[in-house]
$ cat entry-v2.cif   # mmCIF, C-alpha atoms
data_structure
#
loop_
_atom_site.label_atom_id
_atom_site.label_comp_id
_atom_site.auth_asym_id
_atom_site.auth_seq_id
_atom_site.Cartn_x
_atom_site.Cartn_y
_atom_site.Cartn_z
CA MET A 1 0.00 0.00 0.00
CA THR A 2 1.33 3.46 -0.84
CA THR A 3 2.07 5.95 1.92
CA PRO A 4 0.86 9.60 1.89
CA ASN A 5 4.40 10.86 1.25
CA GLN A 6 4.80 8.51 -1.72
CA ARG A 7 1.58 9.76 -3.21
CA VAL A 8 2.70 13.36 -2.70
CA ARG A 9 5.91 12.71 -4.59
CA ILE A 10 4.25 11.14 -7.59
CA THR A 11 0.88 12.92 -7.83
CA ALA A 12 1.47 15.98 -5.70
CA PHE A 13 -0.62 18.35 -7.75
CA TRP A 14 -3.63 16.01 -7.96
CA LEU A 15 -3.62 15.91 -4.20
CA PHE A 16 -3.65 19.69 -4.16
CA VAL A 17 -7.03 19.69 -5.85
CA ILE A 18 -8.63 17.70 -3.05
CA ALA A 19 -6.60 19.21 -0.24
CA CYS A 20 -6.43 22.91 -1.14
CA VAL A 21 -6.16 25.30 1.75
CA ALA A 22 -6.63 29.02 1.55
CA GLY A 23 -4.00 31.62 2.29
CA ALA A 24 -0.24 31.35 2.05
CA ILE A 25 2.94 33.36 2.28
CA GLY A 26 2.91 34.92 -1.16
CA TYR A 27 5.34 35.61 -3.89
CA VAL A 28 4.06 38.58 -5.88
CA ARG A 29 2.82 37.58 -9.30
CA LEU A 30 1.66 39.79 -12.15
CA ARG A 31 -1.73 39.79 -13.79
CA ASN A 32 -3.16 41.33 -16.94
CA GLY A 33 -5.38 43.93 -15.29
CA SER A 34 -7.84 41.70 -13.44
CA ALA A 35 -7.14 39.42 -10.52
CA ALA A 36 -6.92 35.72 -11.24
CA SER A 37 -9.42 33.50 -9.42
CA VAL A 38 -7.39 32.44 -6.41
CA SER A 39 -7.96 31.96 -2.71
CA SER A 40 -5.65 34.73 -1.48
CA PRO A 41 -6.47 38.41 -2.23
CA GLU A 42 -2.71 39.12 -2.31
CA LEU A 43 -2.05 36.58 -5.03
CA PHE A 44 -1.77 37.59 -8.68
CA LEU A 45 -0.78 35.54 -11.70
CA PHE A 46 0.96 36.84 -14.80
CA ASN A 47 -0.95 36.35 -18.03
CA THR A 48 1.58 36.12 -20.86
CA MET A 49 -1.04 37.13 -23.44
CA ASP A 50 -0.65 40.68 -22.10
CA ALA A 51 2.00 42.49 -24.16
CA GLY A 52 3.70 44.06 -21.16
CA VAL A 53 3.84 40.77 -19.30
CA ALA A 54 5.21 38.98 -22.37
CA ALA A 55 7.95 41.61 -22.72
CA ARG A 56 9.00 41.22 -19.09
CA LEU A 57 8.98 37.43 -19.42
CA ALA A 58 11.15 37.63 -22.53
CA GLU A 59 13.60 39.89 -20.68
CA THR A 60 13.83 37.44 -17.77
CA ARG A 61 14.21 34.47 -20.09
CA ALA A 62 17.00 36.15 -22.05
CA ALA A 63 19.28 35.70 -19.00
CA PRO A 64 20.05 32.44 -17.16
CA HIS A 65 16.96 31.37 -15.23
CA VAL A 66 15.17 28.47 -13.60
CA LEU A 67 11.63 27.38 -14.42
CA PHE A 68 9.56 25.34 -11.99
CA LEU A 69 6.05 24.30 -10.98
CA SER A 70 4.40 25.89 -7.99
CA THR A 71 3.40 23.72 -5.03
CA ARG A 72 1.43 26.54 -3.42
CA ALA A 73 -2.09 25.57 -2.37
CA ASP A 74 -3.59 28.53 -4.24
CA ALA A 75 -1.60 28.02 -7.45
CA PRO A 76 -0.85 24.29 -7.82
CA GLY A 77 1.10 23.32 -10.92
CA GLN A 78 1.39 26.88 -12.26
CA ILE A 79 4.62 27.65 -14.09
CA GLY A 80 7.15 29.84 -12.31
CA VAL A 81 10.34 31.62 -13.38
CA ALA A 82 13.22 32.99 -11.33
CA PRO A 83 16.59 34.45 -12.37
CA LEU A 84 19.50 32.17 -11.50
CA ALA A 85 21.21 35.21 -10.01
CA ALA A 86 18.28 35.73 -7.62
CA PRO A 87 16.24 32.51 -7.28
CA GLY A 88 14.18 34.02 -4.48
CA SER A 89 12.66 36.50 -6.97
CA GLN A 90 9.98 34.14 -8.20
CA THR A 91 7.20 35.01 -10.62
CA LEU A 92 4.27 32.73 -11.39
CA PHE A 93 2.19 32.58 -14.57
CA GLN A 94 -1.26 31.40 -15.50
CA SER A 95 -0.97 27.98 -17.09
CA SER A 96 -2.44 24.51 -17.12
CA MET A 97 -2.07 22.60 -13.86
CA CYS A 98 1.11 20.70 -14.76
CA GLU A 99 2.10 17.52 -12.92
CA ARG A 100 5.52 17.60 -14.54
CA ALA A 101 7.09 20.02 -16.99
CA TYR A 102 10.33 20.61 -18.83
CA PHE A 103 11.57 23.48 -20.98
CA THR A 104 14.14 24.83 -23.38
CA ARG A 105 14.27 28.42 -24.58
CA ALA A 106 12.03 27.57 -27.54
CA ASN A 107 9.84 24.73 -26.29
CA GLY A 108 8.13 23.28 -23.26
CA VAL A 109 6.06 20.27 -22.32
CA CYS A 110 3.44 20.21 -19.57
CA LEU A 111 2.02 16.89 -18.40
CA VAL A 112 -1.52 17.25 -17.06
CA LEU A 113 -3.99 14.83 -15.51
CA ASN A 114 -7.35 14.26 -17.15
CA ARG A 115 -9.70 15.70 -14.53
CA THR A 116 -12.91 15.41 -16.56
CA SER A 117 -13.07 11.70 -17.50
CA MET A 118 -11.47 8.33 -16.76
CA GLN A 119 -9.63 7.98 -20.08
CA PRO A 120 -7.11 8.97 -21.15
CA ARG A 121 -5.49 9.32 -17.74
CA ALA A 122 -3.35 12.30 -18.75
CA PHE A 123 -2.17 14.52 -21.61
CA ILE A 124 1.03 16.08 -22.87
CA GLU A 125 0.69 19.73 -23.86
CA PHE A 126 3.31 21.30 -26.11
CA LEU A 127 4.10 24.85 -24.96
CA ASP A 128 5.53 27.87 -26.74
CA PRO A 129 8.03 30.28 -25.08
CA LYS A 130 5.10 32.14 -23.47
CA PHE A 131 3.79 28.88 -21.94
CA GLN A 132 0.76 28.81 -24.21
CA ALA A 133 -0.43 25.28 -25.07
CA GLY A 134 -0.94 24.25 -28.67
CA THR A 135 -1.20 20.57 -29.50
CA ARG A 136 -2.41 18.19 -26.78
CA LEU A 137 -1.94 14.42 -27.01
CA PRO A 138 -3.18 11.61 -24.73
CA LEU A 139 -0.93 9.73 -22.30
CA ALA A 140 -1.54 6.18 -21.08
CA GLY A 141 -0.91 6.72 -17.36
CA LEU A 142 0.12 8.96 -14.47
CA PRO A 143 2.88 11.41 -15.56
CA ILE A 144 6.18 11.05 -13.70
CA ARG A 145 9.13 12.17 -15.87
CA ALA A 146 9.77 14.61 -18.74
CA ARG A 147 12.87 15.74 -20.59
CA ILE A 148 13.66 17.63 -23.81
CA SER A 149 16.77 17.02 -25.90
CA PRO A 150 19.34 19.87 -25.98
CA ASP A 151 18.85 20.26 -29.75
CA ASP A 152 15.09 20.85 -29.28
CA ARG A 153 14.13 17.93 -31.52
CA TYR A 154 12.65 15.46 -29.05
CA ALA A 155 10.81 15.13 -25.76
CA ALA A 156 10.80 12.02 -23.59
CA VAL A 157 7.82 11.38 -21.30
CA THR A 158 7.33 8.57 -18.77
CA VAL A 159 4.03 7.55 -17.17
CA PHE A 160 2.95 4.87 -14.73
CA VAL A 161 0.58 2.59 -16.66
CA THR A 162 -0.04 0.54 -13.50
CA GLY A 163 1.03 1.31 -9.96
CA GLU A 164 1.58 4.78 -8.55
CA ASN A 165 5.24 4.76 -7.51
CA TYR A 166 8.49 2.86 -7.93
CA ALA A 167 7.95 1.02 -4.64
CA SER A 168 4.85 -0.71 -6.00
CA GLU A 169 5.55 -4.37 -6.65
CA ASP A 170 3.47 -4.43 -9.83
CA PHE A 171 4.25 -1.07 -11.43
CA THR A 172 4.69 -0.76 -15.18
CA THR A 173 5.89 2.29 -17.08
CA ARG A 174 5.69 3.56 -20.61
CA THR A 175 8.27 5.98 -21.97
CA THR A 176 7.52 7.66 -25.26
CA ILE A 177 9.68 9.85 -27.48
CA PHE A 178 7.85 12.76 -29.13
CA ASP A 179 8.93 14.78 -32.15
CA LEU A 180 8.74 18.47 -31.19
CA THR A 181 8.54 19.63 -34.81
CA THR A 182 5.54 17.51 -35.79
CA LYS A 183 4.13 17.34 -32.22
CA SER A 184 3.66 13.60 -32.55
CA ALA A 185 4.73 10.39 -30.80
CA ILE A 186 7.40 8.53 -32.74
CA VAL A 187 8.38 5.50 -30.61
CA ASP A 188 7.95 3.80 -27.23
CA LEU A 189 11.20 2.60 -25.66
CA GLU A 190 9.75 -0.91 -25.28
CA ARG A 191 10.27 -1.26 -29.03
CA PHE A 192 14.05 -0.88 -28.73
CA THR A 193 16.34 -3.92 -28.75
CA VAL A 194 18.71 -4.34 -25.79
CA GLU A 195 22.25 -5.70 -25.70
CA ARG A 196 24.12 -6.79 -22.57
CA ASP A 197 27.72 -7.98 -22.56
CA GLY A 198 27.64 -8.11 -26.35
CA LYS A 199 24.58 -10.39 -26.47
CA PRO A 200 20.85 -9.78 -27.02
CA PHE A 201 19.03 -9.26 -23.73
CA ARG A 202 15.26 -9.54 -23.30
CA ASN A 203 12.79 -10.19 -20.49
CA THR A 204 9.01 -9.89 -20.41
CA ASP A 205 9.11 -7.50 -17.45
CA PHE A 206 11.19 -4.72 -19.05
CA ASN A 207 10.30 -1.18 -17.92
CA PHE A 208 12.10 1.96 -19.09
CA TRP A 209 12.10 5.39 -17.46
CA GLY A 210 14.29 8.35 -16.49
CA VAL A 211 15.59 9.52 -19.89
CA THR A 212 18.46 12.03 -20.02
CA PHE A 213 19.56 13.15 -23.47
CA ARG A 214 23.11 13.53 -24.71
CA SER A 215 24.06 16.75 -26.49
CA ASP A 216 23.39 15.43 -30.02
CA GLY A 217 19.75 14.63 -29.23
CA ASN A 218 19.98 11.18 -30.79
CA ARG A 219 21.69 9.34 -27.95
CA PHE A 220 20.46 9.21 -24.38
CA LEU A 221 20.72 7.36 -21.11
CA ALA A 222 17.80 5.76 -19.28
CA THR A 223 16.85 3.26 -16.60
CA LEU A 224 15.88 -0.31 -17.47
CA GLY A 225 14.04 -2.13 -14.71
CA THR A 226 13.92 -5.93 -14.85
CA GLY A 227 13.88 -8.71 -12.28
CA GLY A 228 13.88 -6.20 -9.44
CA ARG A 229 17.13 -4.61 -10.67
CA ARG A 230 17.83 -1.14 -12.07
CA LEU A 231 20.20 -1.03 -15.06
CA LEU A 232 21.72 2.00 -16.79
CA VAL A 233 21.28 1.77 -20.56
CA ASP A 234 22.81 3.84 -23.36
CA GLY A 235 20.25 4.40 -26.13
CA ASP A 236 20.45 5.29 -29.81
CA LEU A 237 17.18 6.74 -31.08
CA GLN A 238 17.87 6.35 -34.80
CA ARG A 239 18.98 2.72 -34.46
CA ARG A 240 16.33 1.90 -31.82
CA THR A 241 18.92 0.12 -29.65
CA PHE A 242 20.03 0.03 -26.02
CA ARG A 243 23.28 -1.17 -24.47
CA VAL A 244 23.52 -1.96 -20.74
CA ILE A 245 26.47 -0.06 -19.26
CA ALA A 246 26.01 -0.18 -15.46
CA GLU A 247 23.85 -1.56 -12.62
CA ASP A 248 22.03 -0.10 -9.63
CA VAL A 249 21.34 3.22 -11.37
CA GLU A 250 17.92 4.90 -11.50
CA CYS A 251 16.76 8.17 -13.07
CA PRO A 252 20.16 9.39 -14.34
CA SER A 253 20.84 13.02 -15.24
CA LEU A 254 23.80 13.94 -17.45
CA SER A 255 26.07 16.82 -16.45
CA PRO A 256 26.56 19.72 -18.88
CA ASP A 257 29.99 18.34 -19.86
CA GLN A 258 28.46 14.87 -20.44
CA HIS A 259 31.09 13.14 -18.24
CA THR A 260 29.10 12.63 -15.04
CA ILE A 261 25.64 11.51 -14.03
CA VAL A 262 23.76 12.01 -10.79
CA PHE A 263 21.15 9.35 -10.14
CA LYS A 264 19.08 7.90 -7.36
CA ARG A 265 19.91 4.60 -5.68
CA GLN A 266 17.95 2.67 -3.10
CA LYS A 267 19.27 3.15 0.40
CA THR A 268 21.35 0.45 2.04
CA ARG A 269 19.21 0.77 5.18
CA GLY A 270 15.43 0.99 4.96
CA ASN A 271 13.28 2.11 2.07
CA GLY A 272 13.67 5.11 -0.21
CA TRP A 273 16.35 6.66 -2.37
CA GLN A 274 19.60 8.58 -2.03
CA LEU A 275 21.41 10.62 -4.70
CA TRP A 276 24.73 9.33 -6.03
CA GLY A 277 27.22 10.54 -8.63
CA MET A 278 29.05 8.47 -11.24
CA ASP A 279 32.03 9.14 -13.49
CA LEU A 280 30.91 7.62 -16.80
CA THR A 281 34.47 6.91 -17.93
CA SER A 282 35.70 5.04 -14.86
CA GLY A 283 32.37 3.92 -13.41
CA ARG A 284 33.39 5.25 -9.99
CA THR A 285 30.45 6.30 -7.77
CA TRP A 286 30.04 8.45 -4.65
CA PRO A 287 27.12 9.56 -2.44
CA VAL A 288 25.76 13.08 -2.92
CA THR A 289 23.00 13.35 -0.32
CA GLN A 290 22.62 12.01 3.19
CA GLU A 291 21.04 8.60 3.51
CA GLY A 292 18.57 9.94 6.05
CA ARG A 293 16.98 12.39 3.55
CA GLU A 294 14.95 10.67 0.88
CA VAL A 295 15.13 12.05 -2.66
CA ASP A 296 12.74 10.51 -5.18
CA ASP A 297 13.35 12.71 -8.21
CA GLN A 298 15.38 13.01 -11.41
CA VAL A 299 17.78 15.86 -10.76
CA GLU A 300 18.47 18.90 -12.93
CA TRP A 301 22.00 20.29 -13.24
CA LEU A 302 22.24 23.85 -11.95
CA ASP A 303 25.81 24.26 -13.25
CA GLU A 304 28.86 22.05 -13.80
CA ASP A 305 29.06 21.14 -10.10
CA HIS A 306 25.58 21.39 -8.52
CA VAL A 307 22.23 19.67 -8.98
CA ILE A 308 18.71 20.72 -7.95
CA TYR A 309 15.70 18.47 -7.31
CA GLY A 310 12.34 18.26 -5.60
CA MET A 311 12.28 16.85 -2.10
CA VAL A 312 9.63 16.37 0.57
CA ALA A 313 11.33 17.76 3.68
CA GLY A 314 8.68 16.86 6.23
CA PRO A 315 5.00 16.13 6.87
CA GLY A 316 2.18 18.45 5.99
CA HIS A 317 0.79 20.16 2.90
CA PRO A 318 3.13 20.19 -0.12
CA GLU A 319 3.18 24.01 -0.07
CA TYR A 320 5.33 23.82 3.03
CA SER A 321 6.98 20.41 2.68
CA LEU A 322 7.75 20.04 -1.06
CA SER A 323 10.47 22.39 -2.33
CA VAL A 324 13.53 22.42 -4.61
CA TRP A 325 16.87 21.66 -2.95
CA VAL A 326 20.46 21.95 -4.15
CA SER A 327 23.52 19.73 -3.64
CA ASP A 328 27.18 19.94 -4.60
CA ALA A 329 27.58 16.82 -6.76
CA ARG A 330 31.37 16.79 -7.00
CA SER A 331 33.26 13.78 -5.74
CA GLY A 332 34.79 14.74 -2.41
CA ALA A 333 32.21 17.44 -1.65
CA GLY A 334 30.64 15.21 0.96
CA MET A 335 26.97 14.44 1.47
CA ASN A 336 25.13 17.76 1.40
CA GLN A 337 21.87 19.51 0.56
CA SER A 338 20.27 22.88 1.23
CA PRO A 339 17.06 24.72 0.20
CA PHE A 340 17.01 26.42 -3.21
CA LEU A 341 13.38 27.26 -4.16
CA LYS A 342 10.51 27.33 -1.69
CA SER A 343 7.13 25.80 -2.62
CA ALA A 344 8.42 24.56 -5.95
CA TRP A 345 8.87 21.35 -7.93
CA SER A 346 10.00 19.99 -11.33
CA PRO A 347 12.80 22.52 -12.02
CA THR A 348 14.44 23.26 -15.37
CA VAL A 349 17.62 25.34 -15.68
CA ILE A 350 18.13 27.54 -18.76
CA ARG A 351 21.67 28.89 -18.97
#
$ encode --input "entry-v2.cif" --output "structure tokens"
Amino acid sequence: MTTPNQRVRITAFWLFVIACVAGAIGYVRLRNGSAASVSSPELFLFNTMDAGVAARLAETRAAPHVLFLSTRADAPGQIGVAPLAAPGSQTLFQSSMCERAYFTRANGVCLVLNRTSMQPRAFIEFLDPKFQAGTRLPLAGLPIRARISPDDRYAAVTVFVTGENYASEDFTTRTTIFDLTTKSAIVDLERFTVERDGKPFRNTDFNFWGVTFRSDGNRFLATLGTGGRRLLVDGDLQRRTFRVIAEDVECPSLSPDQHTIVFKRQKTRGNGWQLWGMDLTSGRTWPVTQEGREVDDQVEWLDEDHVIYGMVAGPGHPEYSLSVWVSDARSGAGMNQSPFLKSAWSPTVIR
């Protein structure tokens, strides 16, 4: 049976809908001349269809910045932006209620639950630079991961088809690659062939998730789950092939220089996950976060040395417990983490 914290991590924003509370410590947000419909009279949301708002957004996005999803009770899943030079200066915008999102300067994807009918369970919305949704396509399960290739050609989206978290004994995933030019699905990773130790490798229980693209957009790393084990696979999109390159690696994230990954690994004591780093050339690994603080997320690289990620820091409503944290991921930095963005989730860094 899933615990409340597990459900928060995977479907945090759905829980907001049924557990909304009024009032919060506010970050000031713009609006287009009339207040958005929210529970706090001090809360305003930018509307990017307003010319002045769009100009200010473009100015902010011209410099290095971080995008995220709000975990505030009165603005769940709304898209936020903050300058990297001043991450406390957060601005929120009117948008769909995203469960997960990812962005580049030119594109974005927002994964939303279907709140009006049983099927499909969710959708992917393709966003423009002003966070306006165009094409919307159905997804087969609960959204959990999203990434866009550095060359802006592809998006990778993972959903839970069955189960609601990675601790479920019977969970199954589906990871789909979308073409951002045609706004269409092109392949599910289950259709790839897998090689291990130079030989074909296949089991009926294969699950793929946690895609992180290499700089060319064609190659990527991902997690292959089979037989209760988590394998790191190196994928080639054009050839539709995977090669197993390491074990005990889940939800990898490639560093900007492509030499290091930070990933989550199940703790040696008790349940849950801890962040680890790996040198892809030598295979050497080291812990990044303390074992006592559970991190169930795919990290985003803040710069060459640091990663940011969502973490539930304690009990209570996600507005106060779910925020973005930062860790020094360098080998030898020691196990560390500190707050980075309050009441936020699903970060993307644009340099």
$ residues_around --input "entry-v2.cif" --residues "Ala344 in chain A" --least-positions-apart "4" --cutoff "10 Å" --atoms "all atoms listed in the file" --output "ChimeraX atom specification"
/A:67-72,76-80,90,309-311,318-325,340
$ write_last_selection --input "entry-v2.cif" --atoms "C-alpha atoms" --output "PDB file, in the frame of the given file"
ATOM      1  CA  LEU A  67      11.630  27.380 -14.420  1.00  0.00           C
ATOM      2  CA  PHE A  68       9.560  25.340 -11.990  1.00  0.00           C
ATOM      3  CA  LEU A  69       6.050  24.300 -10.980  1.00  0.00           C
ATOM      4  CA  SER A  70       4.400  25.890  -7.990  1.00  0.00           C
ATOM      5  CA  THR A  71       3.400  23.720  -5.030  1.00  0.00           C
ATOM      6  CA  ARG A  72       1.430  26.540  -3.420  1.00  0.00           C
ATOM      7  CA  PRO A  76      -0.850  24.290  -7.820  1.00  0.00           C
ATOM      8  CA  GLY A  77       1.100  23.320 -10.920  1.00  0.00           C
ATOM      9  CA  GLN A  78       1.390  26.880 -12.260  1.00  0.00           C
ATOM     10  CA  ILE A  79       4.620  27.650 -14.090  1.00  0.00           C
ATOM     11  CA  GLY A  80       7.150  29.840 -12.310  1.00  0.00           C
ATOM     12  CA  GLN A  90       9.980  34.140  -8.200  1.00  0.00           C
ATOM     13  CA  TYR A 309      15.700  18.470  -7.310  1.00  0.00           C
ATOM     14  CA  GLY A 310      12.340  18.260  -5.600  1.00  0.00           C
ATOM     15  CA  MET A 311      12.280  16.850  -2.100  1.00  0.00           C
ATOM     16  CA  PRO A 318       3.130  20.190  -0.120  1.00  0.00           C
ATOM     17  CA  GLU A 319       3.180  24.010  -0.070  1.00  0.00           C
ATOM     18  CA  TYR A 320       5.330  23.820   3.030  1.00  0.00           C
ATOM     19  CA  SER A 321       6.980  20.410   2.680  1.00  0.00           C
ATOM     20  CA  LEU A 322       7.750  20.040  -1.060  1.00  0.00           C
ATOM     21  CA  SER A 323      10.470  22.390  -2.330  1.00  0.00           C
ATOM     22  CA  VAL A 324      13.530  22.420  -4.610  1.00  0.00           C
ATOM     23  CA  TRP A 325      16.870  21.660  -2.950  1.00  0.00           C
ATOM     24  CA  PHE A 340      17.010  26.420  -3.210  1.00  0.00           C
TER      25      PHE A 340
END
$ atom_distance --input "entry-v2.cif" --atom1 "CA of Ser255 in chain A" --atom2 "CA of Asp303 in chain A"
8.1 Å
$ closest_residue --input "entry-v2.cif" --among "A:Ser184, A:Gln258, A:Gln94, A:Asn207" --to "Val233 in chain A" --atoms "only C-alpha atoms"
A:Asn207
$ residues_around --input "entry-v2.cif" --residues "Pro200 in chain A" --least-positions-apart "5" --cutoff "12 Å" --atoms "only C-alpha atoms" --output "ChimeraX atom specification"
/A:192-195,241-244
$ closest_residue --input "entry-v2.cif" --among "A:Val349, A:Met49, A:Leu302, A:Val312" --to "Asp328 in chain A" --atoms "all atoms listed in the file"
A:Leu302
$ closest_residue --input "entry-v2.cif" --among "A:Gly210, A:Pro120, A:Gly332, A:Gly108" --to "Glu300 in chain A" --atoms "only C-alpha atoms"
A:Gly210
$ closest_residue --input "entry-v2.cif" --among "A:Asp151, A:Arg284, A:Gln266, A:Gly198" --to "Asn218 in chain A" --atoms "only C-alpha atoms"
A:Asp151
$ residues_around --input "entry-v2.cif" --residues "Ser253 in chain A" --least-positions-apart "6" --cutoff "12 Å" --atoms "all atoms listed in the file" --output "PyMOL selection string"
chain A and resi 145-147+209-214+220-223+232+259-264+275-280+297-302+306-309+329
$ write_last_selection --input "entry-v2.cif" --atoms "C-alpha atoms" --output "short mmCIF file (atom, residue, chain, number, x, y, z; two decimals), in the frame of the given file"
data_model
loop_
_atom_site.label_atom_id
_atom_site.label_comp_id
_atom_site.auth_asym_id
_atom_site.auth_seq_id
_atom_site.Cartn_x
_atom_site.Cartn_y
_atom_site.Cartn_z
CA ARG A 145 9.13 12.17 -15.87
CA ALA A 146 9.77 14.61 -18.74
CA ARG A 147 12.87 15.74 -20.59
CA TRP A 209 12.10 5.39 -17.46
CA GLY A 210 14.29 8.35 -16.49
CA VAL A 211 15.59 9.52 -19.89
CA THR A 212 18.46 12.03 -20.02
CA PHE A 213 19.56 13.15 -23.47
CA ARG A 214 23.11 13.53 -24.71
CA PHE A 220 20.46 9.21 -24.38
CA LEU A 221 20.72 7.36 -21.11
CA ALA A 222 17.80 5.76 -19.28
CA THR A 223 16.85 3.26 -16.60
CA LEU A 232 21.72 2.00 -16.79
CA HIS A 259 31.09 13.14 -18.24
CA THR A 260 29.10 12.63 -15.04
CA ILE A 261 25.64 11.51 -14.03
CA VAL A 262 23.76 12.01 -10.79
CA PHE A 263 21.15 9.35 -10.14
CA LYS A 264 19.08 7.90 -7.36
CA LEU A 275 21.41 10.62 -4.70
CA TRP A 276 24.73 9.33 -6.03
CA GLY A 277 27.22 10.54 -8.63
CA MET A 278 29.05 8.47 -11.24
CA ASP A 279 32.03 9.14 -13.49
CA LEU A 280 30.91 7.62 -16.80
CA ASP A 297 13.35 12.71 -8.21
CA GLN A 298 15.38 13.01 -11.41
CA VAL A 299 17.78 15.86 -10.76
CA GLU A 300 18.47 18.90 -12.93
CA TRP A 301 22.00 20.29 -13.24
CA LEU A 302 22.24 23.85 -11.95
CA HIS A 306 25.58 21.39 -8.52
CA VAL A 307 22.23 19.67 -8.98
CA ILE A 308 18.71 20.72 -7.95
CA TYR A 309 15.70 18.47 -7.31
CA ALA A 329 27.58 16.82 -6.76
#
$ closest_residue --input "entry-v2.cif" --among "A:Thr268, A:Gln337, A:Thr158, A:Thr281" --to "Arg293 in chain A" --atoms "only C-alpha atoms"
A:Gln337
$ resolve_selection --input "entry-v2.cif" --expression "the PyMOL selection byres ((chain A and resi 119) around 12)" --output "mmCIF file with C-alpha atoms, in the frame of the given file"
data_model
loop_
_atom_site.group_PDB
_atom_site.id
_atom_site.type_symbol
_atom_site.label_atom_id
_atom_site.label_comp_id
_atom_site.auth_asym_id
_atom_site.auth_seq_id
_atom_site.Cartn_x
_atom_site.Cartn_y
_atom_site.Cartn_z
ATOM 1 C CA LEU A 113 -3.990 14.830 -15.510
ATOM 2 C CA ASN A 114 -7.350 14.260 -17.150
ATOM 3 C CA ARG A 115 -9.700 15.700 -14.530
ATOM 4 C CA THR A 116 -12.910 15.410 -16.560
ATOM 5 C CA SER A 117 -13.070 11.700 -17.500
ATOM 6 C CA MET A 118 -11.470 8.330 -16.760
ATOM 7 C CA PRO A 120 -7.110 8.970 -21.150
ATOM 8 C CA ARG A 121 -5.490 9.320 -17.740
ATOM 9 C CA ALA A 122 -3.350 12.300 -18.750
ATOM 10 C CA PHE A 123 -2.170 14.520 -21.610
ATOM 11 C CA PRO A 138 -3.180 11.610 -24.730
ATOM 12 C CA LEU A 139 -0.930 9.730 -22.300
ATOM 13 C CA ALA A 140 -1.540 6.180 -21.080
ATOM 14 C CA GLY A 141 -0.910 6.720 -17.360
ATOM 15 C CA LEU A 142 0.120 8.960 -14.470
#
$ resolve_selection --input "entry-v2.cif" --expression "the PyMOL selection byres ((chain A and resi 127) around 6)" --output "number ranges by chain"
A: 107-109, 126, 128, 131-133
$ write_last_selection --input "entry-v2.cif" --atoms "C-alpha atoms" --output "mmCIF file, in the frame of the given file"
data_model
loop_
_atom_site.group_PDB
_atom_site.id
_atom_site.type_symbol
_atom_site.label_atom_id
_atom_site.label_comp_id
_atom_site.auth_asym_id
_atom_site.auth_seq_id
_atom_site.Cartn_x
_atom_site.Cartn_y
_atom_site.Cartn_z
ATOM 1 C CA ASN A 107 9.840 24.730 -26.290
ATOM 2 C CA GLY A 108 8.130 23.280 -23.260
ATOM 3 C CA VAL A 109 6.060 20.270 -22.320
ATOM 4 C CA PHE A 126 3.310 21.300 -26.110
ATOM 5 C CA ASP A 128 5.530 27.870 -26.740
ATOM 6 C CA PHE A 131 3.790 28.880 -21.940
ATOM 7 C CA GLN A 132 0.760 28.810 -24.210
ATOM 8 C CA ALA A 133 -0.430 25.280 -25.070
#
$ resolve_selection --input "entry-v2.cif" --expression "the PyMOL selection byres ((chain A and resi 225-230) around 7)" --output "ChimeraX atom specification"
/A:205-208,223-224,231-232,247-250
$ atom_distance --input "entry-v2.cif" --atom1 "CA of Phe103 in chain A" --atom2 "CA of Asn47 in chain A"
18.2 Å
$ closest_residue --input "entry-v2.cif" --among "A:Ala246, A:Asp305, A:Arg351, A:Ser346" --to "Pro64 in chain A" --atoms "only C-alpha atoms"
A:Arg351
$ build_atoms --input "entry-v2.cif" --residues "range 242-248 of chain A" --atoms "N, CA, C and O atoms" --output "compact mmCIF listing (two decimals), in the frame of the given file"
# COMPACT_ATOMS: atom_id res chain seq x y z
N PHE A 242 19.50 -0.26 -27.34
CA PHE A 242 20.03 0.03 -26.02
C PHE A 242 21.22 -0.88 -25.75
O PHE A 242 21.26 -2.05 -26.20
N ARG A 243 22.15 -0.37 -24.95
CA ARG A 243 23.28 -1.17 -24.47
C ARG A 243 23.39 -0.96 -22.96
O ARG A 243 23.46 0.18 -22.49
N VAL A 244 23.39 -2.06 -22.19
CA VAL A 244 23.52 -1.96 -20.74
C VAL A 244 24.95 -1.59 -20.39
O VAL A 244 25.90 -2.24 -20.83
N ILE A 245 25.12 -0.52 -19.58
CA ILE A 245 26.47 -0.06 -19.26
C ILE A 245 26.77 -0.03 -17.76
O ILE A 245 27.92 0.14 -17.37
N ALA A 246 25.76 -0.19 -16.91
CA ALA A 246 26.01 -0.18 -15.46
C ALA A 246 24.78 -0.74 -14.75
O ALA A 246 23.70 -0.89 -15.34
N GLU A 247 24.95 -1.05 -13.45
CA GLU A 247 23.85 -1.56 -12.62
C GLU A 247 23.60 -0.64 -11.43
O GLU A 247 24.44 0.18 -11.09
N ASP A 248 22.44 -0.83 -10.83
CA ASP A 248 22.03 -0.10 -9.63
C ASP A 248 22.05 1.41 -9.88
O ASP A 248 22.59 2.19 -9.10
